[in-house]
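Here the structure comes first, spelled out in structure tokens, and everything after it is commentary.
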Amino acid sequence: MMKIKKASQKGRIRRELEKRAPKLIETGKKTLILQGTKTSNVLNAVLTDLYHLKKESAIKYTRKNDNIRPFESGGETSLEFFSQKTDCSIFVFGSTSKKRPDNLVIGRTYDHHIYDLVEVGVENFKSMSSFAYDKKLAPHVGSKPFIAFVGEGFESVDELKHLKEVLLELFRGEVVDNMNLAGLDRAYVCTAVSSKKVFLTHCAIRLKKSGTVVPRIELVEVGPSMDLVVRRHRLPNESLRKEAMKTSIDKPKKKVKNVSADAIEGTVGKIYIPDQKIGEIAVPNKSKGVKRERREAKMKHGHKDHTSKKQKEVSE
């Protein structure tokens, strides 16, 4: 019989593999930022600002890639390789050409394979450096943003529906259960201008006194802002969607005997006490007081027997 030897997984390698293993509750998704053969100054600024907005959960490559063509067959191999290498499930790929100037492709991966794609063109771009604002309003690392989608197109147009899903995955960060109000310091506002164009802007949130417990909110535009024109999009096929939407069932908890839950009393338990067998209980050593009492009782009992024998002899 031939034996298949597996490489030893110890230390750092084992820990990295455990991080990438499937989990019941997934951690925040990382973003991979790439550029193609040709890029313009506008597109370089867009990629740089996106990297600064997601700096804590993003990886940016500055080397030009010739063989990445997301919408062509065979042009996704290098992209999937980089996704697996960096463990990123979202990517932003920028390139420019005469046919598609300032082109931006945003996509998601499942199991490091291309899941879906959205191609948009960037117009009327304004970088973060072009806005004059107080530096105290800059977003803090680890803060959560508001994301607002304005317009009926996000509910009725298929292209904008798909773009909404991708932008949510790109900007929302890690999913949390509870959030401090101080951690919500910025907002992304997406407005559907038409069935093909979306205006995206990034604003800082300033809390003002309102005379009540709830503060008054003001939005200060801090950039970047741009128009995104939808050019192409590709939805995932049905089999891949079903596989990606599967949810693992938690292991059923072992039933604890004699314990029940009550809405009023909470957790209620029953305690069973066995019958006490007094005859089998180990008796400790007799104390001196008990021995003296028994000795006196014995002596008294012996004296009675002696007097009774004398009375019998006299009677005889």
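Numbering starts fresh at 1 for the residues of each chain in the structure tokens, the chains themselves are lettered A, B, ... in the order given, and ligands are numbered from 1 as they appear.
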
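The shell of residues at most 10 Å from A:Gly107, with only C-alpha atoms counted and near chain neighbours (fewer than 6 positions) removed, consists of A:Thr31, A:Leu32, A:Pro70, A:Ser89, A:Ile90, A:Phe91, A:Val92, A:Phe93, A:Ile114, A:Tyr115, A:Asp116, A:Leu117, A:Val118, A:Glu119, A:Leu163, A:Val166, A:Leu167, A:Glu169, A:Leu170, A:His233, A:Arg234.
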
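Near A:Lys30, within a cut-off of 12 Å and counting only C-alpha atoms, sit the residues Arg20, Glu26, Tyr51, Lys54, Lys55, Glu56, Ser57, Ala58, Ile59, Lys60, Ser83, Gln84, Thr86, Asp87, Cys88, Ser89, Ile90, Phe91, Val92, Arg108, Thr109, Glu169, Leu170, Phe171, Arg172, Gly173 and Glu174 of chain A, with same-chain residues fewer than 4 positions away left out.
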
(request) Do a neighbour search on A:Ser260 at 7 Å with only C-alpha atoms, toss out local chain neighbours closer than 5 positions, and write the hits as a ChimeraX atom specification. (result) /A:267-269

Store the residues of this selection in a file with C-alpha atoms, as an mmCIF file, in the first residue's frame.
```cif
data_model
loop_
_atom_site.group_PDB
_atom_site.id
_atom_site.type_symbol
_atom_site.label_atom_id
_atom_site.label_comp_id
_atom_site.auth_asym_id
_atom_site.auth_seq_id
_atom_site.Cartn_x
_atom_site.Cartn_y
_atom_site.Cartn_z
ATOM 1 C CA THR A 267 -33.203 28.434 34.048
ATOM 2 C CA VAL A 268 -34.816 25.893 36.366
ATOM 3 C CA GLY A 269 -33.111 22.687 37.463
#
```

(request) Among the residues of stretch 2-124 of chain A, find those DSSP assigns to strand (DSSP E) from the backbone and print them as a PyMOL selection string. (result) chain A and resi 31-35+58-64+90-95+103-110+113-124

(message) Please list as a ChimeraX atom specification every residue within 10 Å of A:Val150, counting only C-alpha atoms and excluding residues in the same chain fewer than 4 positions away.
(response) /A:154,189-193,198-199

I need the chosen residues saved as a compact mmCIF listing (two decimals), in the first residue's frame, with C-alpha atoms.
```
# COMPACT_ATOMS: atom_id res chain seq x y z
CA PHE A 154 -31.45 50.89 -7.14
CA VAL A 189 -24.03 58.75 -0.39
CA CYS A 190 -24.88 57.05 -3.68
CA THR A 191 -27.43 58.86 -5.87
CA ALA A 192 -28.94 57.29 -8.99
CA VAL A 193 -28.77 60.09 -11.55
CA VAL A 198 -24.52 56.94 -10.12
CA PHE A 199 -23.05 59.86 -8.20
```

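Of the residues listed (A:Glu238, A:Asn67, A:Asn44, A:Tyr61), A:Asn44 shows the shortest atom-to-atom separation from A:Gly94; distances use only C-alpha atoms.
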
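Note that atom CA of A:Lys29 and atom CA of A:Asn180 are 21.3 Å apart.
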